[in-house]
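Trainee: For reference, the structure I am asking about is given below.
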Amino acid sequence: MKEMKILSPLDSIEEVDELAKAGAGEFFCGVLEDSWYEKYPVISINRRPAGKGHFRRFEDLKEAVSRAHARNIPVYFTVNEHYYTNAQYDLIKWYLDGAVDSGIDAFILTDFGLMQFIKEQGYPAAIHISTGGTVFNWRSVAFFQQQGASNITFPRHLSIAEIADITAIMPPMETTVFVLNSRCINIDGFCTFQHGLARKEVLPMFKNACMLPFEVQVCSRDMNVPFMLQASMIERQRIWERVHVDDHPCGACAMYEFQKLGIGSMKVVGRGNPLERKVLDIQFLKRLLDMLDGNISRSEFYQISRKLYQQTYSRQCRSHMCYYPEVMLDGAGGT
Amino acid sequence: MEQALYIHSTDQLYYLSEDFTRLYFGAEFCERLIPSRPELETVLRIVRERDLDFTWMTPFVTNRGLGRLEELLPVLAQTCPDAEVVVNDWGVLQLLRSEYPQLKPVLGRLLNKSKRGPRIMNIFNQIPPSTQDYFQGCNLDVPSAVRFLKQQGISRVEFDNLLQGLKLEGTDGSIRKSLYLPFAFVSATRFCLTANCDDPEKMDSIGVFPCGKECLNYSFNLYNPVMTLPLIRRGNTVFFTNESIPDVVTGQQVDRIVIQPELPV
């Protein structure tokens with residue numbers, strides 16, 4: 001059985017060696033130069049706001065790719081905004097050229113116009129479909145295979161059983177799943193809120209819209225909703241305010257199933273995180289990944305992964321922070 | 001200007017008036033709400049009786065939802081072979097292209113990625129014109145995007161009525177455009193907060209779980225000052241209402257208005 005790889009974020013040359021040593025098997029990254037930011041200050045080219053989380057120069061990316069390749073680690077370049085307009089294509093082409101010149105192995109993308117453009121230009125890099133591609137079924141896999149993609153990232157909003165249903169009958173395709181950080185509660189590819197519309201200091205404009213505190217009014221076709229039930233409904237509507245995407249959401253237990261399903265990569269979200277945090281995340285997953293080499297049982301693996309999560313992040317497992325909460329409901333426990 | 005009525009339940013057929021020459025019917029956002037075969041047959045009978053054009057609305061789907069559509073599409077293809085099918089899932093498009101090439105695929109709102117979040121309006125007048133153009137635009141002015149759609153047999157794309165306005169100048173005229181009024185979708189989830197909302201014991205469940213279709217009874221108005229208008233959560237989807245008639249209608253850049261008399265969930 002092919003071993004799963006840990007797909008790690010990468011923001012700088014200096015991180016390559018540390019993350020590789022921690023266990024990263026693949027890197028994803030982006031570049032954001034001033035020329036883009038000046039024209040599009042609140043729109044990224046790669047779903048990360050300006051500031052941290054990007055290489056600032058293609059020269060740096062080239063050096064990072066060189067170091068990664070020396071360790072036999074591929075590097076994937078994010079151009080995964082949901083859409084680009086024609087006015088952006090001069091810059092886009094400059095970015096694509098720069099990425100290819102830097103030696104990247106694949107583009108991670110969502111926009112069908114860009115996918116077609118990359119195919120037509122014949123860029124010597126693979127096409128990976130981002131989670132924004134919303135692949136919820138086997139025919140979507142087949143669709144993107146027909147478009148020339150070689151890897152798809154499944155949405156966060158599939159259960160393990162649903163992923164198994166897809167992988168059982170899909171055509172040959174490399175696959176990536178999320179296992180750590182940023183458990184978005186809306187479907188990435190179907191979310192049209194724009195984040196990062198102001199600096200962090202202006203929190204209501206910076207923060208993810210879904211996590212803002214909302215006043216909630218219950219509307220019902222049944223006019224007589226008891227007061228206590230309404231209160232409970234309102235409380236439930238506000239639960240997303242507690243789901244902070246950076247509060248260590250985790251799906252590590254599911255690695256056990258993912259390896260059996262032949263999933264190729266486990267994505268760790270975290271462009272912009274400090275190197276120490278990235279290393280911690282990769283080491284956490286690598287220790288668990290190594291355990292899958294042996295004859296460990298599912299229940300043993302669940303127990304160990306939960307314990308290691310608590311040790312690593314000083315947090316208990318929480319169902320609303322669990323990427324695949326059916327694992328917890330299935331007897332693995334948690335709060 | 002073609003006027004279409006969009007309903008998601010046979011209970012809403014009473015909205016059908018002489019003003020409409022086309023009927024949209026189906027589920028757009030949740031596979032659990034895909035109508036039954038008898039419901040589809042009822043609607044197709046009325047379409048035939050009233051000599052209407054028909055558009056079948058489909059949501060994004062897991063393998064399970066794909067199976068439901070595979071049961072219904074033969075009925076549609078046989079009864080209404082020139083029907084349009086709005087696709088919000090690339091797998092559904094693949095299914096149409098491979099099994100039902102006579103049906104006409106239309107690119108749905110979920111695959112039209114225009115930014116809809118109302119917070120944009122707080123800064124819209126302060127951002128550079130290039131950024132304004134982005135928020136009002138779409139990828140249909142990109143030649144490769146148009147070539148892609150044509151290769152997929154798609155000649156129509158569905159649009160929401162954006163608060164920041166829609167700029168469709170420069171988009172390819174051979175791709176026709178529909179505008180939905182008055183409800184615009186903003187975001188969708190499968191971690192549905194309407195699911196089991198009347199069961200306090202399931203308060204903390206955030207994931208893909210079974211539901212009792214509570215969305216048929218409840219919706220939630222959401223207020224936050226930074227949003228420039230109320231949001232409405234119905235089922236797994238968040239909407240806003242925009243009843244203004246945009247320039248793209250008077251300028252004939254859209255050739256179809258799709259009226260939603262009720263929230264489309």
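Every chain in the structure tokens takes a letter, A first, then B, and so on in the order presented; its residues are numbered from 1, and the ligands are numbered from 1 following the presented order.
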Go through region 55-205 of chain A and collect every residue that DSSP, computed from the backbone, puts in helix (DSSP H, G or I); the answer should be as an NGL selection string.

Mentor: :A and (58-70 or 86-102 or 112-121 or 131-133 or 138-146 or 160-169 or 188-190 or 203-205)

Trainee: Export, as a short mmCIF file (atom, residue, chain, number, x, y, z; two decimals), in the first residue's frame, the selected residues with C-alpha atoms.

Mentor:
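Contents of again16.cif, as written:
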data_model
loop_
_atom_site.label_atom_id
_atom_site.label_comp_id
_atom_site.auth_asym_id
_atom_site.auth_seq_id
_atom_site.Cartn_x
_atom_site.Cartn_y
_atom_site.Cartn_z
CA PHE A 58 9.83 34.38 -7.38
CA GLU A 59 13.58 34.25 -6.79
CA ASP A 60 12.82 32.99 -3.29
CA LEU A 61 10.31 30.48 -4.58
CA LYS A 62 12.90 29.16 -7.03
CA GLU A 63 15.41 28.63 -4.26
CA ALA A 64 12.78 26.95 -2.07
CA VAL A 65 11.74 24.62 -4.89
CA SER A 66 15.37 23.76 -5.52
CA ARG A 67 15.86 22.84 -1.88
CA ALA A 68 12.64 20.85 -1.77
CA HIS A 69 13.48 18.95 -4.93
CA ALA A 70 16.88 18.11 -3.51
CA ASN A 86 -9.83 39.12 -18.06
CA ALA A 87 -8.27 42.31 -16.70
CA GLN A 88 -6.20 40.17 -14.32
CA TYR A 89 -4.73 37.87 -16.94
CA ASP A 90 -1.61 39.86 -17.74
CA LEU A 91 -0.64 39.53 -14.11
CA ILE A 92 -1.88 35.96 -13.90
CA LYS A 93 0.26 34.95 -16.85
CA TRP A 94 3.26 36.62 -15.25
CA TYR A 95 2.62 34.59 -12.09
CA LEU A 96 2.18 31.33 -13.98
CA ASP A 97 5.37 31.94 -15.96
CA GLY A 98 7.22 32.80 -12.79
CA ALA A 99 5.99 29.70 -11.03
CA VAL A 100 6.99 27.43 -13.91
CA ASP A 101 10.39 29.11 -14.16
CA SER A 102 10.77 28.42 -10.45
CA PHE A 112 -12.40 26.72 -14.91
CA GLY A 113 -11.21 29.60 -17.08
CA LEU A 114 -7.75 29.36 -15.58
CA MET A 115 -7.75 25.57 -15.91
CA GLN A 116 -8.50 25.91 -19.60
CA PHE A 117 -5.89 28.66 -19.99
CA ILE A 118 -3.17 26.55 -18.37
CA LYS A 119 -4.04 23.60 -20.61
CA GLU A 120 -4.02 25.76 -23.73
CA GLN A 121 -0.71 27.38 -22.82
CA THR A 131 -11.10 22.04 -2.57
CA GLY A 132 -12.86 24.95 -4.30
CA GLY A 133 -13.52 22.52 -7.15
CA TRP A 138 -17.25 10.11 -8.51
CA ARG A 139 -18.46 11.74 -11.70
CA SER A 140 -16.88 15.03 -10.67
CA VAL A 141 -13.62 13.13 -10.35
CA ALA A 142 -14.18 11.74 -13.83
CA PHE A 143 -14.97 15.24 -15.11
CA PHE A 144 -11.73 16.69 -13.84
CA GLN A 145 -9.78 13.68 -15.03
CA GLN A 146 -11.16 14.37 -18.50
CA ILE A 160 -15.44 9.29 5.61
CA ALA A 161 -18.12 6.95 4.28
CA GLU A 162 -18.90 9.34 1.43
CA ILE A 163 -15.22 9.63 0.55
CA ALA A 164 -15.04 5.83 0.56
CA ASP A 165 -18.05 5.69 -1.77
CA ILE A 166 -16.28 7.98 -4.22
CA THR A 167 -12.86 6.35 -4.13
CA ALA A 168 -14.45 2.91 -4.60
CA ILE A 169 -15.69 3.71 -8.10
CA ASP A 188 -15.11 26.60 0.36
CA GLY A 189 -16.12 26.44 -3.28
CA PHE A 190 -19.67 27.60 -2.56
CA LEU A 203 -12.17 42.62 13.17
CA PRO A 204 -15.76 42.62 11.82
CA MET A 205 -14.40 43.24 8.33
#

Trainee: May I have the residues within 8 Å of Arg238 (chain A) as a count of residues only, using only C-alpha atoms and disregarding those fewer than 2 positions away in the same chain?

Mentor: 9

Trainee: Using only C-alpha atoms, which residue out of A:Thr153, A:Thr134, A:Asn208, A:Gln311 lies closest to chain B?

Mentor: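 Ranked by minimum distance to chain B, first place goes to A:Thr134.
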
Trainee: Can you pull out the residues contacting Pro129 (chain B)? Cut-off 12 Å, using only C-alpha atoms, and skip same-chain residues under 4 positions away; I want them as a count of residues only.

Mentor: 13

Trainee: For Val269 (chain A), find every residue with an atom within 10 Å (counting only C-alpha atoms), except residues of its own chain fewer than 5 positions away, and show them as a list in words.

Mentor: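 Here the qualifying residues turn out to be Leu7, Ser8, Pro9, Phe28, Phe178, Val179, Leu180, Asn181, Ser182, Arg183, Asp246, Lys278 and Asp281 of chain A.
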
Trainee: Keeping only C-alpha atoms, write the selected residues to a file as a PDB file, in the first residue's frame.

Mentor:
ATOM      1  CA  LEU A   7       0.982  18.135   2.341  1.00  0.00           C
ATOM      2  CA  SER A   8       2.478  21.046   4.230  1.00  0.00           C
ATOM      3  CA  PRO A   9       2.152  24.811   3.827  1.00  0.00           C
ATOM      4  CA  PHE A  28       1.975  23.996  -1.265  1.00  0.00           C
ATOM      5  CA  PHE A 178      -7.997  17.793   4.971  1.00  0.00           C
ATOM      6  CA  VAL A 179      -6.859  16.617   8.373  1.00  0.00           C
ATOM      7  CA  LEU A 180      -5.655  19.654  10.285  1.00  0.00           C
ATOM      8  CA  ASN A 181      -6.582  23.307  10.868  1.00  0.00           C
ATOM      9  CA  SER A 182      -9.238  25.625   9.407  1.00  0.00           C
ATOM     10  CA  ARG A 183     -12.299  23.446   9.406  1.00  0.00           C
ATOM     11  CA  ASP A 246      -7.568  28.319  14.078  1.00  0.00           C
ATOM     12  CA  LYS A 278       3.836  24.274  11.198  1.00  0.00           C
ATOM     13  CA  ASP A 281       1.498  20.106  13.115  1.00  0.00           C
TER      14      ASP A 281
END

Trainee: Applying 8 Å and only C-alpha atoms, which residues near region 194-201 of chain B remain after dropping the ones on its own chain fewer than 6 positions away? List them as a count of residues only.

Mentor: 16

Trainee: Looking at A:Gln303, A:Ser319, A:Gln259, A:Ser150, which one is nearest to chain B, with distances taken over only C-alpha atoms?

Mentor: A:Ser319

Trainee: Identify which of the residues A:Lys200, A:His82, A:Lys5, A:Lys260 lies closest to Ala20 (chain A), counting only C-alpha atoms when measuring atom-to-atom distances.

Mentor: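 Of A:Lys200, A:His82, A:Lys5, A:Lys260, the one nearest Ala20 (chain A), counting only C-alpha atoms, is A:Lys5.
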
Trainee: If you count only C-alpha atoms, which residues fall within 12 Å of Tyr14 (chain B), apart from same-chain ones fewer than 6 positions away, as a PDB file with N, CA and C atoms, in the first residue's frame?

Mentor:
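Output file around-v9.pdb follows:
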ATOM      1  N   LEU B   5     -40.485  31.502 -13.849  1.00  0.00           N
ATOM      2  CA  LEU B   5     -40.859  31.324 -12.443  1.00  0.00           C
ATOM      3  C   LEU B   5     -40.058  30.157 -11.887  1.00  0.00           C
ATOM      4  N   TYR B   6     -39.477  30.353 -10.715  1.00  0.00           N
ATOM      5  CA  TYR B   6     -38.664  29.296 -10.094  1.00  0.00           C
ATOM      6  C   TYR B   6     -39.360  28.839  -8.818  1.00  0.00           C
ATOM      7  N   ILE B   7     -39.764  27.587  -8.806  1.00  0.00           N
ATOM      8  CA  ILE B   7     -40.375  27.011  -7.602  1.00  0.00           C
ATOM      9  C   ILE B   7     -39.624  25.733  -7.234  1.00  0.00           C
ATOM     10  N   VAL B  43     -45.238  18.275 -12.358  1.00  0.00           N
ATOM     11  CA  VAL B  43     -44.778  19.554 -12.922  1.00  0.00           C
ATOM     12  C   VAL B  43     -44.627  19.446 -14.436  1.00  0.00           C
ATOM     13  N   ILE B  46     -47.940  19.801 -16.144  1.00  0.00           N
ATOM     14  CA  ILE B  46     -48.427  21.190 -16.215  1.00  0.00           C
ATOM     15  C   ILE B  46     -47.640  21.983 -17.262  1.00  0.00           C
ATOM     16  N   PRO B 261     -40.497  33.489  -6.061  1.00  0.00           N
ATOM     17  CA  PRO B 261     -41.526  34.070  -5.191  1.00  0.00           C
ATOM     18  C   PRO B 261     -41.276  33.769  -3.720  1.00  0.00           C
TER      19      PRO B 261
END

Trainee: Taking into account only C-alpha atoms, which residue in the set B:Asn122, B:Thr10, B:Ser114, B:Gln94 is nearest to Leu162 (chain B)?

Mentor: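 For Leu162 (chain B), the nearest of the given residues is B:Ser114.
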
Trainee: Give me, please, the distance in Å between CA of Ala77 (chain B) and CA of Val146 (chain B), quoted to one decimal.

Mentor: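 Interatomic distance here is 26.3 Å.
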
Trainee: Between CA of Asp141 (chain B) and CA of Thr85 (chain A), measure the distance and give it in Å to one decimal.

Mentor: 6.5 Å

Trainee: In region 57-257 of chain B, what's strand (DSSP E or B) per DSSP? Answer as a ChimeraX atom specification?

Mentor: /B:57,84-87,104-107,156-160,176-181,183-188,218-223,231-234,237-241,256-257

Trainee: Using only C-alpha atoms, what does the table of region 82-118 of chain B residues within 6 Å of region 53-65 of chain B look like, with each row giving the shortest atom pair and its distance in Å to one decimal, sorted by chain and ascending number, as CSV?

Mentor:
residue,atom,partner,partner_atom,distance
B:Ala83,CA,B:Phe54,CA,5.4
B:Glu84,CA,B:Thr55,CA,4.6
B:Val85,CA,B:Trp56,CA,4.7
B:Val86,CA,B:Met57,CA,4.9
B:Val87,CA,B:Thr58,CA,5.7
B:Asn88,CA,B:Phe60,CA,5.3
B:Asp89,CA,B:Phe60,CA,4.7

Trainee: Please, what distance in Å, to one decimal, runs between CA of Thr176 (chain A) and CA of Phe258 (chain A)?

Mentor: 9.7 Å
